[in-house]
$ cat data.cif   # mmCIF, N, CA and C atoms
data_input
#
loop_
_atom_site.label_atom_id
_atom_site.label_comp_id
_atom_site.auth_asym_id
_atom_site.auth_seq_id
_atom_site.Cartn_x
_atom_site.Cartn_y
_atom_site.Cartn_z
N MET E 1 69.60 90.39 97.22
CA MET E 1 70.49 90.19 96.11
C MET E 1 70.52 88.71 95.76
N ASP E 2 70.33 88.41 94.50
CA ASP E 2 70.37 87.02 94.05
C ASP E 2 71.81 86.52 94.06
N LYS E 3 72.00 85.33 94.60
CA LYS E 3 73.31 84.69 94.65
C LYS E 3 73.70 84.14 93.28
N ILE E 4 74.97 84.18 92.99
CA ILE E 4 75.52 83.55 91.80
C ILE E 4 76.22 82.28 92.25
N ARG E 5 75.82 81.18 91.70
CA ARG E 5 76.41 79.89 92.04
C ARG E 5 76.92 79.23 90.77
N LYS E 6 78.13 78.72 90.83
CA LYS E 6 78.73 78.00 89.71
C LYS E 6 79.39 76.74 90.26
N THR E 7 79.60 75.81 89.37
CA THR E 7 80.33 74.61 89.77
C THR E 7 81.81 74.95 89.86
N ASP E 8 82.55 74.09 90.51
CA ASP E 8 83.99 74.27 90.62
C ASP E 8 84.62 74.37 89.23
N ALA E 9 84.18 73.53 88.31
CA ALA E 9 84.72 73.57 86.95
C ALA E 9 84.41 74.90 86.25
N GLU E 10 83.22 75.44 86.49
CA GLU E 10 82.88 76.73 85.89
C GLU E 10 83.76 77.85 86.44
N TRP E 11 84.01 77.85 87.76
CA TRP E 11 84.89 78.87 88.35
C TRP E 11 86.31 78.73 87.80
N ARG E 12 86.79 77.50 87.71
CA ARG E 12 88.16 77.28 87.19
C ARG E 12 88.29 77.77 85.74
N ALA E 13 87.25 77.60 84.95
CA ALA E 13 87.29 78.04 83.55
C ALA E 13 87.24 79.57 83.44
N LEU E 14 86.62 80.22 84.39
CA LEU E 14 86.43 81.66 84.37
C LEU E 14 87.64 82.43 84.90
N LEU E 15 88.34 81.86 85.86
CA LEU E 15 89.38 82.57 86.61
C LEU E 15 90.78 82.08 86.28
N THR E 16 91.77 82.94 86.52
CA THR E 16 93.16 82.49 86.44
C THR E 16 93.42 81.58 87.64
N PRO E 17 94.49 80.79 87.60
CA PRO E 17 94.79 79.94 88.76
C PRO E 17 94.94 80.75 90.06
N GLU E 18 95.57 81.93 90.02
CA GLU E 18 95.73 82.75 91.22
C GLU E 18 94.39 83.31 91.70
N GLN E 19 93.56 83.77 90.79
CA GLN E 19 92.24 84.26 91.16
C GLN E 19 91.41 83.15 91.79
N TYR E 20 91.48 81.96 91.23
CA TYR E 20 90.75 80.82 91.76
C TYR E 20 91.24 80.47 93.18
N ARG E 21 92.56 80.40 93.34
CA ARG E 21 93.14 80.05 94.64
C ARG E 21 92.70 81.04 95.72
N VAL E 22 92.71 82.33 95.39
CA VAL E 22 92.34 83.35 96.37
C VAL E 22 90.84 83.37 96.61
N THR E 23 90.05 83.49 95.55
CA THR E 23 88.61 83.72 95.73
C THR E 23 87.80 82.47 96.05
N ARG E 24 88.18 81.35 95.52
CA ARG E 24 87.37 80.14 95.72
C ARG E 24 87.94 79.23 96.80
N GLN E 25 89.26 79.36 97.08
CA GLN E 25 89.89 78.50 98.08
C GLN E 25 90.34 79.27 99.32
N GLY E 26 90.04 80.55 99.39
CA GLY E 26 90.38 81.33 100.57
C GLY E 26 91.85 81.64 100.73
N GLY E 27 92.58 81.68 99.63
CA GLY E 27 94.01 81.97 99.69
C GLY E 27 94.29 83.44 99.88
N THR E 28 95.56 83.77 99.95
CA THR E 28 95.98 85.17 100.04
C THR E 28 97.25 85.37 99.23
N GLU E 29 97.44 86.58 98.78
CA GLU E 29 98.66 86.94 98.07
C GLU E 29 99.73 87.29 99.10
N CYS E 30 100.97 87.18 98.72
CA CYS E 30 102.04 87.69 99.57
C CYS E 30 101.96 89.21 99.56
N ALA E 31 102.28 89.82 100.69
CA ALA E 31 102.26 91.27 100.79
C ALA E 31 103.15 91.90 99.73
N PHE E 32 102.70 93.02 99.20
CA PHE E 32 103.42 93.84 98.23
C PHE E 32 103.63 93.14 96.88
N THR E 33 102.82 92.12 96.57
CA THR E 33 102.97 91.42 95.29
C THR E 33 101.76 91.58 94.38
N GLY E 34 100.60 91.90 94.91
CA GLY E 34 99.39 92.03 94.11
C GLY E 34 99.44 93.25 93.20
N ALA E 35 98.75 93.17 92.09
CA ALA E 35 98.78 94.23 91.08
C ALA E 35 98.18 95.54 91.55
N LEU E 36 97.32 95.52 92.54
CA LEU E 36 96.57 96.73 92.91
C LEU E 36 96.96 97.35 94.24
N TRP E 37 97.90 96.77 94.97
CA TRP E 37 98.20 97.29 96.32
C TRP E 37 98.70 98.73 96.28
N ASN E 38 99.43 99.10 95.23
CA ASN E 38 100.00 100.44 95.14
C ASN E 38 99.40 101.22 93.98
N ASP E 39 98.22 100.83 93.53
CA ASP E 39 97.56 101.49 92.41
C ASP E 39 96.78 102.70 92.91
N HIS E 40 96.89 103.81 92.18
CA HIS E 40 96.23 105.04 92.62
C HIS E 40 95.25 105.59 91.58
N HIS E 41 94.81 104.75 90.65
CA HIS E 41 93.85 105.18 89.64
C HIS E 41 92.46 105.34 90.27
N ASP E 42 91.68 106.23 89.69
CA ASP E 42 90.32 106.44 90.16
C ASP E 42 89.41 105.40 89.52
N GLY E 43 88.40 105.00 90.23
CA GLY E 43 87.44 104.06 89.68
C GLY E 43 86.76 103.26 90.77
N VAL E 44 86.19 102.15 90.36
CA VAL E 44 85.47 101.27 91.27
C VAL E 44 86.06 99.87 91.14
N TYR E 45 86.31 99.26 92.28
CA TYR E 45 86.85 97.90 92.32
C TYR E 45 85.68 96.92 92.35
N HIS E 46 85.67 96.00 91.38
CA HIS E 46 84.60 95.02 91.24
C HIS E 46 85.11 93.62 91.59
N CYS E 47 84.20 92.75 91.96
CA CYS E 47 84.52 91.35 92.21
C CYS E 47 84.99 90.71 90.90
N VAL E 48 86.13 90.06 90.93
CA VAL E 48 86.66 89.43 89.73
C VAL E 48 85.82 88.22 89.31
N CYS E 49 85.05 87.68 90.23
CA CYS E 49 84.24 86.50 89.93
C CYS E 49 82.89 86.85 89.30
N CYS E 50 82.21 87.87 89.86
CA CYS E 50 80.84 88.14 89.40
C CYS E 50 80.59 89.58 88.95
N GLY E 51 81.59 90.46 89.11
CA GLY E 51 81.45 91.83 88.64
C GLY E 51 80.74 92.79 89.57
N LEU E 52 80.36 92.36 90.76
CA LEU E 52 79.67 93.24 91.70
C LEU E 52 80.61 94.38 92.14
N PRO E 53 80.15 95.63 92.11
CA PRO E 53 80.97 96.73 92.64
C PRO E 53 81.18 96.54 94.16
N LEU E 54 82.45 96.51 94.58
CA LEU E 54 82.77 96.23 95.98
C LEU E 54 83.32 97.43 96.74
N PHE E 55 84.27 98.14 96.14
CA PHE E 55 84.94 99.25 96.82
C PHE E 55 85.18 100.38 95.84
N ASP E 56 85.05 101.60 96.33
CA ASP E 56 85.32 102.79 95.53
C ASP E 56 86.76 103.23 95.81
N ALA E 57 87.47 103.64 94.77
CA ALA E 57 88.86 104.09 94.94
C ALA E 57 88.96 105.27 95.90
N ARG E 58 87.89 106.02 96.07
CA ARG E 58 87.90 107.16 96.99
C ARG E 58 88.01 106.73 98.45
N THR E 59 87.77 105.45 98.73
CA THR E 59 87.88 104.95 100.10
C THR E 59 89.16 104.15 100.31
N LYS E 60 90.02 104.12 99.30
CA LYS E 60 91.29 103.40 99.41
C LYS E 60 92.29 104.27 100.15
N PHE E 61 93.14 103.63 100.97
CA PHE E 61 94.16 104.38 101.70
C PHE E 61 95.42 103.54 101.83
N GLU E 62 96.52 104.20 102.11
CA GLU E 62 97.81 103.52 102.29
C GLU E 62 97.90 102.99 103.71
N SER E 63 97.80 101.68 103.85
CA SER E 63 97.84 101.07 105.17
C SER E 63 99.24 100.59 105.54
N GLY E 64 100.11 100.48 104.54
CA GLY E 64 101.45 99.98 104.79
C GLY E 64 101.52 98.47 104.91
N THR E 65 100.41 97.78 104.64
CA THR E 65 100.37 96.33 104.81
C THR E 65 100.77 95.56 103.56
N GLY E 66 100.72 96.21 102.38
CA GLY E 66 101.05 95.52 101.15
C GLY E 66 99.86 94.95 100.41
N TRP E 67 98.65 95.25 100.88
CA TRP E 67 97.43 94.85 100.21
C TRP E 67 96.57 96.09 100.00
N PRO E 68 95.73 96.09 98.96
CA PRO E 68 94.79 97.21 98.83
C PRO E 68 93.93 97.30 100.09
N SER E 69 93.82 98.51 100.63
CA SER E 69 93.06 98.71 101.86
C SER E 69 92.03 99.81 101.66
N PHE E 70 90.85 99.57 102.19
CA PHE E 70 89.71 100.49 102.04
C PHE E 70 89.08 100.69 103.41
N PHE E 71 88.48 101.88 103.63
CA PHE E 71 87.82 102.10 104.92
C PHE E 71 86.32 101.88 104.85
N ASP E 72 85.76 101.64 103.67
CA ASP E 72 84.33 101.35 103.52
C ASP E 72 84.09 100.57 102.24
N PRO E 73 83.10 99.67 102.22
CA PRO E 73 82.70 99.03 100.96
C PRO E 73 81.87 100.00 100.12
N ALA E 74 81.67 99.67 98.87
CA ALA E 74 80.87 100.50 97.96
C ALA E 74 79.45 100.67 98.47
N SER E 75 78.92 99.63 99.10
CA SER E 75 77.60 99.69 99.74
C SER E 75 77.58 98.65 100.86
N ASN E 76 76.67 98.79 101.78
CA ASN E 76 76.56 97.82 102.87
C ASN E 76 76.15 96.45 102.36
N GLU E 77 75.51 96.41 101.21
CA GLU E 77 75.06 95.14 100.64
C GLU E 77 76.13 94.45 99.81
N ALA E 78 77.24 95.12 99.52
CA ALA E 78 78.26 94.57 98.61
C ALA E 78 79.08 93.45 99.23
N VAL E 79 79.34 93.54 100.52
CA VAL E 79 80.20 92.55 101.16
C VAL E 79 79.48 91.88 102.33
N ALA E 80 79.90 90.67 102.57
CA ALA E 80 79.43 89.90 103.72
C ALA E 80 80.66 89.56 104.55
N SER E 81 80.44 89.10 105.76
CA SER E 81 81.57 88.73 106.60
C SER E 81 81.22 87.51 107.43
N ARG E 82 82.28 86.86 107.90
CA ARG E 82 82.11 85.72 108.79
C ARG E 82 83.40 85.54 109.59
N GLU E 83 83.27 84.90 110.73
CA GLU E 83 84.42 84.65 111.59
C GLU E 83 85.38 83.68 110.91
N ASP E 84 86.66 83.96 111.03
CA ASP E 84 87.71 83.12 110.45
C ASP E 84 88.69 82.78 111.57
N LEU E 85 88.75 81.50 111.93
CA LEU E 85 89.64 81.05 113.00
C LEU E 85 90.85 80.30 112.47
N SER E 86 91.12 80.42 111.17
CA SER E 86 92.25 79.70 110.57
C SER E 86 93.59 80.31 110.99
N HIS E 87 94.63 79.54 110.82
CA HIS E 87 96.02 79.98 111.08
C HIS E 87 96.24 80.43 112.52
N GLY E 88 95.46 79.90 113.44
CA GLY E 88 95.63 80.21 114.85
C GLY E 88 95.27 81.64 115.23
N MET E 89 94.50 82.30 114.37
CA MET E 89 94.09 83.68 114.62
C MET E 89 92.58 83.79 114.61
N ARG E 90 92.08 84.85 115.23
CA ARG E 90 90.65 85.16 115.16
C ARG E 90 90.51 86.42 114.32
N ARG E 91 89.93 86.28 113.12
CA ARG E 91 89.79 87.40 112.20
C ARG E 91 88.37 87.41 111.65
N VAL E 92 88.06 88.47 110.90
CA VAL E 92 86.77 88.56 110.22
C VAL E 92 87.05 88.52 108.72
N GLU E 93 86.59 87.46 108.09
CA GLU E 93 86.75 87.28 106.65
C GLU E 93 85.73 88.14 105.91
N VAL E 94 86.14 88.71 104.78
CA VAL E 94 85.26 89.51 103.94
C VAL E 94 84.99 88.72 102.65
N LEU E 95 83.71 88.64 102.29
CA LEU E 95 83.27 87.89 101.11
C LEU E 95 82.44 88.77 100.20
N CYS E 96 82.43 88.47 98.92
CA CYS E 96 81.50 89.11 98.01
C CYS E 96 80.10 88.63 98.38
N ALA E 97 79.18 89.56 98.55
CA ALA E 97 77.83 89.20 98.97
C ALA E 97 77.06 88.45 97.90
N ARG E 98 77.45 88.60 96.64
CA ARG E 98 76.71 87.94 95.56
C ARG E 98 77.22 86.55 95.23
N CYS E 99 78.55 86.34 95.26
CA CYS E 99 79.07 85.03 94.83
C CYS E 99 79.90 84.32 95.88
N ASP E 100 80.01 84.90 97.07
CA ASP E 100 80.76 84.32 98.19
C ASP E 100 82.26 84.19 97.92
N ALA E 101 82.80 84.98 97.01
CA ALA E 101 84.24 84.96 96.78
C ALA E 101 84.97 85.47 98.01
N HIS E 102 86.03 84.80 98.39
CA HIS E 102 86.89 85.29 99.46
C HIS E 102 87.63 86.52 98.94
N LEU E 103 87.51 87.64 99.68
CA LEU E 103 88.16 88.88 99.28
C LEU E 103 89.37 89.19 100.15
N GLY E 104 89.27 88.94 101.42
CA GLY E 104 90.33 89.27 102.37
C GLY E 104 89.76 89.30 103.77
N HIS E 105 90.20 90.27 104.58
CA HIS E 105 89.75 90.39 105.96
C HIS E 105 89.53 91.85 106.31
N VAL E 106 88.75 92.09 107.36
CA VAL E 106 88.52 93.45 107.85
C VAL E 106 89.00 93.53 109.29
N PHE E 107 89.67 94.65 109.59
CA PHE E 107 90.26 94.87 110.90
C PHE E 107 89.79 96.22 111.46
N PRO E 108 89.74 96.34 112.79
CA PRO E 108 89.25 97.58 113.41
C PRO E 108 90.34 98.62 113.64
N ASP E 109 91.29 98.74 112.72
CA ASP E 109 92.40 99.68 112.90
C ASP E 109 92.55 100.63 111.71
N GLY E 110 91.44 100.93 111.06
CA GLY E 110 91.48 101.81 109.90
C GLY E 110 91.25 103.26 110.26
N PRO E 111 91.29 104.12 109.26
CA PRO E 111 91.10 105.56 109.50
C PRO E 111 89.63 105.92 109.67
N LYS E 112 89.40 107.15 110.09
CA LYS E 112 88.05 107.68 110.15
C LYS E 112 87.54 107.85 108.73
N PRO E 113 86.28 107.78 108.44
CA PRO E 113 85.21 107.83 109.43
C PRO E 113 84.81 106.46 109.98
N SER E 114 85.17 105.37 109.32
CA SER E 114 84.67 104.06 109.77
C SER E 114 85.53 103.42 110.85
N GLY E 115 86.83 103.71 110.84
CA GLY E 115 87.74 103.04 111.75
C GLY E 115 88.07 101.61 111.33
N LEU E 116 87.64 101.24 110.11
CA LEU E 116 87.86 99.88 109.60
C LEU E 116 88.92 99.87 108.52
N ARG E 117 89.60 98.72 108.41
CA ARG E 117 90.56 98.50 107.33
C ARG E 117 90.16 97.20 106.62
N TYR E 118 89.57 97.35 105.45
CA TYR E 118 89.27 96.19 104.61
C TYR E 118 90.54 95.87 103.84
N CYS E 119 91.20 94.81 104.22
CA CYS E 119 92.48 94.38 103.63
C CYS E 119 92.15 93.33 102.58
N ILE E 120 92.23 93.71 101.30
CA ILE E 120 91.66 92.91 100.21
C ILE E 120 92.74 92.44 99.24
N ASN E 121 92.64 91.22 98.78
CA ASN E 121 93.58 90.68 97.80
C ASN E 121 93.34 91.29 96.42
N SER E 122 94.41 91.71 95.76
CA SER E 122 94.31 92.23 94.39
C SER E 122 93.68 91.21 93.45
N ALA E 123 93.99 89.93 93.64
CA ALA E 123 93.49 88.88 92.76
C ALA E 123 91.97 88.75 92.80
N ALA E 124 91.35 89.30 93.83
CA ALA E 124 89.89 89.24 93.96
C ALA E 124 89.20 90.43 93.31
N LEU E 125 89.98 91.41 92.84
CA LEU E 125 89.43 92.67 92.37
C LEU E 125 89.74 92.96 90.90
N GLU E 126 88.83 93.69 90.29
CA GLU E 126 89.06 94.26 88.96
C GLU E 126 88.71 95.74 89.07
N LEU E 127 89.70 96.60 88.78
CA LEU E 127 89.47 98.05 88.84
C LEU E 127 88.90 98.52 87.51
N LYS E 128 87.75 99.17 87.57
CA LYS E 128 87.12 99.74 86.38
C LYS E 128 87.11 101.26 86.54
N ALA E 129 87.58 101.96 85.51
CA ALA E 129 87.63 103.42 85.55
C ALA E 129 86.24 103.98 85.76
N ARG E 130 86.19 105.08 86.47
CA ARG E 130 84.92 105.75 86.71
C ARG E 130 84.38 106.30 85.39
N PRO E 131 83.09 106.08 85.11
CA PRO E 131 82.51 106.59 83.85
C PRO E 131 82.43 108.10 83.83
#

$ encode --input "data.cif" --output "structure tokens"
Amino acid sequence: MDKIRKTDAEWRALLTPEQYRVTRQGGTECAFTGALWNDHHDGVYHCVCCGLPLFDARTKFESGTGWPSFFDPASNEAVASREDLSHGMRRVEVLCARCDAHLGHVFPDGPKPSGLRYCINSAALELKARP
């Protein structure tokens, strides 16, 4: 997959201040405040920065955490991960594989079949209705 690279100024012009803070600076939304945490529409969640399909609404579940949670990405190629040691914790950060946008974190406490919980910021996602 070809990477999308933009300058800081280009990202700032493309994104809202909240989207920029979350996706380009590794921020997070407060629990239960994001637009999509309690959304139940069908469709596909895309990266707000580059439009890559990231998660299917069919894999979304109620985790009780206050963030949109999924048990699988749209494809194995859609997301990347890396170790995150910030805030005195050891976590696995989830990134868009195409533009390196910070999406959230993945935890090993999700439902079957994967057993994973992709805890993703609403500000990093755009829900598009299924065609």

$ atom_distance --input "data.cif" --atom1 "CA of His40 in chain E" --atom2 "atom C of Glu126 in chain E"
12.5 Å

$ residues_around --input "data.cif" --residues "range 75-85 of chain E" --least-positions-apart "5" --cutoff "8 Å" --atoms "only C-alpha atoms" --output "list in words"
Leu52, Pro53, Leu54, Phe55, Arg90, Arg91, Val92, Glu93, Val94, Leu95, Cys96, Ala97, Arg98 and Asp100 of chain E

$ select_by_dssp --input "data.cif" --residues "chain E" --states "strand (DSSP E or B)" --output "PDB file with N, CA and C atoms, in the coordinates of the input"
ATOM      1  N   VAL E  44      86.190 102.150  90.360  1.00  0.00           N
ATOM      2  CA  VAL E  44      85.470 101.270  91.270  1.00  0.00           C
ATOM      3  C   VAL E  44      86.060  99.870  91.140  1.00  0.00           C
ATOM      4  N   TYR E  45      86.310  99.260  92.280  1.00  0.00           N
ATOM      5  CA  TYR E  45      86.850  97.900  92.320  1.00  0.00           C
ATOM      6  C   TYR E  45      85.680  96.920  92.350  1.00  0.00           C
ATOM      7  N   HIS E  46      85.670  96.000  91.380  1.00  0.00           N
ATOM      8  CA  HIS E  46      84.600  95.020  91.240  1.00  0.00           C
ATOM      9  C   HIS E  46      85.110  93.620  91.590  1.00  0.00           C
ATOM     10  N   CYS E  47      84.200  92.750  91.960  1.00  0.00           N
ATOM     11  CA  CYS E  47      84.520  91.350  92.210  1.00  0.00           C
ATOM     12  C   CYS E  47      84.990  90.710  90.900  1.00  0.00           C
ATOM     13  N   PRO E  53      80.150  95.630  92.110  1.00  0.00           N
ATOM     14  CA  PRO E  53      80.970  96.730  92.640  1.00  0.00           C
ATOM     15  C   PRO E  53      81.180  96.540  94.160  1.00  0.00           C
ATOM     16  N   LEU E  54      82.450  96.510  94.580  1.00  0.00           N
ATOM     17  CA  LEU E  54      82.770  96.230  95.980  1.00  0.00           C
ATOM     18  C   LEU E  54      83.320  97.430  96.740  1.00  0.00           C
ATOM     19  N   PHE E  55      84.270  98.140  96.140  1.00  0.00           N
ATOM     20  CA  PHE E  55      84.940  99.250  96.820  1.00  0.00           C
ATOM     21  C   PHE E  55      85.180 100.380  95.840  1.00  0.00           C
ATOM     22  N   ASP E  56      85.050 101.600  96.330  1.00  0.00           N
ATOM     23  CA  ASP E  56      85.320 102.790  95.530  1.00  0.00           C
ATOM     24  C   ASP E  56      86.760 103.230  95.810  1.00  0.00           C
ATOM     25  N   LYS E  60      90.020 104.120  99.300  1.00  0.00           N
ATOM     26  CA  LYS E  60      91.290 103.400  99.410  1.00  0.00           C
ATOM     27  C   LYS E  60      92.290 104.270 100.150  1.00  0.00           C
ATOM     28  N   PHE E  61      93.140 103.630 100.970  1.00  0.00           N
ATOM     29  CA  PHE E  61      94.160 104.380 101.700  1.00  0.00           C
ATOM     30  C   PHE E  61      95.420 103.540 101.830  1.00  0.00           C
ATOM     31  N   SER E  69      93.820  98.510 100.630  1.00  0.00           N
ATOM     32  CA  SER E  69      93.060  98.710 101.860  1.00  0.00           C
ATOM     33  C   SER E  69      92.030  99.810 101.660  1.00  0.00           C
ATOM     34  N   PHE E  70      90.850  99.570 102.190  1.00  0.00           N
ATOM     35  CA  PHE E  70      89.710 100.490 102.040  1.00  0.00           C
ATOM     36  C   PHE E  70      89.080 100.690 103.410  1.00  0.00           C
ATOM     37  N   VAL E  79      79.340  93.540 100.520  1.00  0.00           N
ATOM     38  CA  VAL E  79      80.200  92.550 101.160  1.00  0.00           C
ATOM     39  C   VAL E  79      79.480  91.880 102.330  1.00  0.00           C
ATOM     40  N   ALA E  80      79.900  90.670 102.570  1.00  0.00           N
ATOM     41  CA  ALA E  80      79.430  89.900 103.720  1.00  0.00           C
ATOM     42  C   ALA E  80      80.660  89.560 104.550  1.00  0.00           C
ATOM     43  N   SER E  81      80.440  89.100 105.760  1.00  0.00           N
ATOM     44  CA  SER E  81      81.570  88.730 106.600  1.00  0.00           C
ATOM     45  C   SER E  81      81.220  87.510 107.430  1.00  0.00           C
ATOM     46  N   ARG E  82      82.280  86.860 107.900  1.00  0.00           N
ATOM     47  CA  ARG E  82      82.110  85.720 108.790  1.00  0.00           C
ATOM     48  C   ARG E  82      83.400  85.540 109.590  1.00  0.00           C
ATOM     49  N   GLU E  83      83.270  84.900 110.730  1.00  0.00           N
ATOM     50  CA  GLU E  83      84.420  84.650 111.590  1.00  0.00           C
ATOM     51  C   GLU E  83      85.380  83.680 110.910  1.00  0.00           C
ATOM     52  N   ASP E  84      86.660  83.960 111.030  1.00  0.00           N
ATOM     53  CA  ASP E  84      87.710  83.120 110.450  1.00  0.00           C
ATOM     54  C   ASP E  84      88.690  82.780 111.570  1.00  0.00           C
ATOM     55  N   ARG E  91      89.930  86.280 113.120  1.00  0.00           N
ATOM     56  CA  ARG E  91      89.790  87.400 112.200  1.00  0.00           C
ATOM     57  C   ARG E  91      88.370  87.410 111.650  1.00  0.00           C
ATOM     58  N   VAL E  92      88.060  88.470 110.900  1.00  0.00           N
ATOM     59  CA  VAL E  92      86.770  88.560 110.220  1.00  0.00           C
ATOM     60  C   VAL E  92      87.050  88.520 108.720  1.00  0.00           C
ATOM     61  N   GLU E  93      86.590  87.460 108.090  1.00  0.00           N
ATOM     62  CA  GLU E  93      86.750  87.280 106.650  1.00  0.00           C
ATOM     63  C   GLU E  93      85.730  88.140 105.910  1.00  0.00           C
ATOM     64  N   VAL E  94      86.140  88.710 104.780  1.00  0.00           N
ATOM     65  CA  VAL E  94      85.260  89.510 103.940  1.00  0.00           C
ATOM     66  C   VAL E  94      84.990  88.720 102.650  1.00  0.00           C
ATOM     67  N   LEU E  95      83.710  88.640 102.290  1.00  0.00           N
ATOM     68  CA  LEU E  95      83.270  87.890 101.110  1.00  0.00           C
ATOM     69  C   LEU E  95      82.440  88.770 100.200  1.00  0.00           C
ATOM     70  N   CYS E  96      82.430  88.470  98.920  1.00  0.00           N
ATOM     71  CA  CYS E  96      81.500  89.110  98.010  1.00  0.00           C
ATOM     72  C   CYS E  96      80.100  88.630  98.380  1.00  0.00           C
ATOM     73  N   HIS E 102      86.030  84.800  98.390  1.00  0.00           N
ATOM     74  CA  HIS E 102      86.890  85.290  99.460  1.00  0.00           C
ATOM     75  C   HIS E 102      87.630  86.520  98.940  1.00  0.00           C
ATOM     76  N   LEU E 103      87.510  87.640  99.680  1.00  0.00           N
ATOM     77  CA  LEU E 103      88.160  88.880  99.280  1.00  0.00           C
ATOM     78  C   LEU E 103      89.370  89.190 100.150  1.00  0.00           C
ATOM     79  N   GLY E 104      89.270  88.940 101.420  1.00  0.00           N
ATOM     80  CA  GLY E 104      90.330  89.270 102.370  1.00  0.00           C
ATOM     81  C   GLY E 104      89.760  89.300 103.770  1.00  0.00           C
ATOM     82  N   HIS E 105      90.200  90.270 104.580  1.00  0.00           N
ATOM     83  CA  HIS E 105      89.750  90.390 105.960  1.00  0.00           C
ATOM     84  C   HIS E 105      89.530  91.850 106.310  1.00  0.00           C
ATOM     85  N   VAL E 106      88.750  92.090 107.360  1.00  0.00           N
ATOM     86  CA  VAL E 106      88.520  93.450 107.850  1.00  0.00           C
ATOM     87  C   VAL E 106      89.000  93.530 109.290  1.00  0.00           C
ATOM     88  N   PHE E 107      89.670  94.650 109.590  1.00  0.00           N
ATOM     89  CA  PHE E 107      90.260  94.870 110.900  1.00  0.00           C
ATOM     90  C   PHE E 107      89.790  96.220 111.460  1.00  0.00           C
ATOM     91  N   ARG E 117      89.600  98.720 108.410  1.00  0.00           N
ATOM     92  CA  ARG E 117      90.560  98.500 107.330  1.00  0.00           C
ATOM     93  C   ARG E 117      90.160  97.200 106.620  1.00  0.00           C
ATOM     94  N   TYR E 118      89.570  97.350 105.450  1.00  0.00           N
ATOM     95  CA  TYR E 118      89.270  96.190 104.610  1.00  0.00           C
ATOM     96  C   TYR E 118      90.540  95.870 103.840  1.00  0.00           C
ATOM     97  N   CYS E 119      91.200  94.810 104.220  1.00  0.00           N
ATOM     98  CA  CYS E 119      92.480  94.380 103.630  1.00  0.00           C
ATOM     99  C   CYS E 119      92.150  93.330 102.580  1.00  0.00           C
ATOM    100  N   ILE E 120      92.230  93.710 101.300  1.00  0.00           N
ATOM    101  CA  ILE E 120      91.660  92.910 100.210  1.00  0.00           C
ATOM    102  C   ILE E 120      92.740  92.440  99.240  1.00  0.00           C
ATOM    103  N   LEU E 125      89.980  91.410  92.840  1.00  0.00           N
ATOM    104  CA  LEU E 125      89.430  92.670  92.370  1.00  0.00           C
ATOM    105  C   LEU E 125      89.740  92.960  90.900  1.00  0.00           C
ATOM    106  N   GLU E 126      88.830  93.690  90.290  1.00  0.00           N
ATOM    107  CA  GLU E 126      89.060  94.260  88.960  1.00  0.00           C
ATOM    108  C   GLU E 126      88.710  95.740  89.070  1.00  0.00           C
ATOM    109  N   LEU E 127      89.700  96.600  88.780  1.00  0.00           N
ATOM    110  CA  LEU E 127      89.470  98.050  88.840  1.00  0.00           C
ATOM    111  C   LEU E 127      88.900  98.520  87.510  1.00  0.00           C
ATOM    112  N   LYS E 128      87.750  99.170  87.570  1.00  0.00           N
ATOM    113  CA  LYS E 128      87.120  99.740  86.380  1.00  0.00           C
ATOM    114  C   LYS E 128      87.110 101.260  86.540  1.00  0.00           C
TER     115      LYS E 128
END

$ atom_distance --input "data.cif" --atom1 "CA of Leu36 in chain E" --atom2 "CA of Ala123 in chain E"
8.4 Å

$ residues_near_point --input "data.cif" --point "(95.3, 104.7, 97.5)" --cutoff "10 Å" --atoms "only C-alpha atoms" --output "number ranges by chain"
E: 36-42, 57-63, 68-70

$ atom_distance --input "data.cif" --atom1 "atom N of Asn121 in chain E" --atom2 "CA of Leu103 in chain E"
5.1 Å
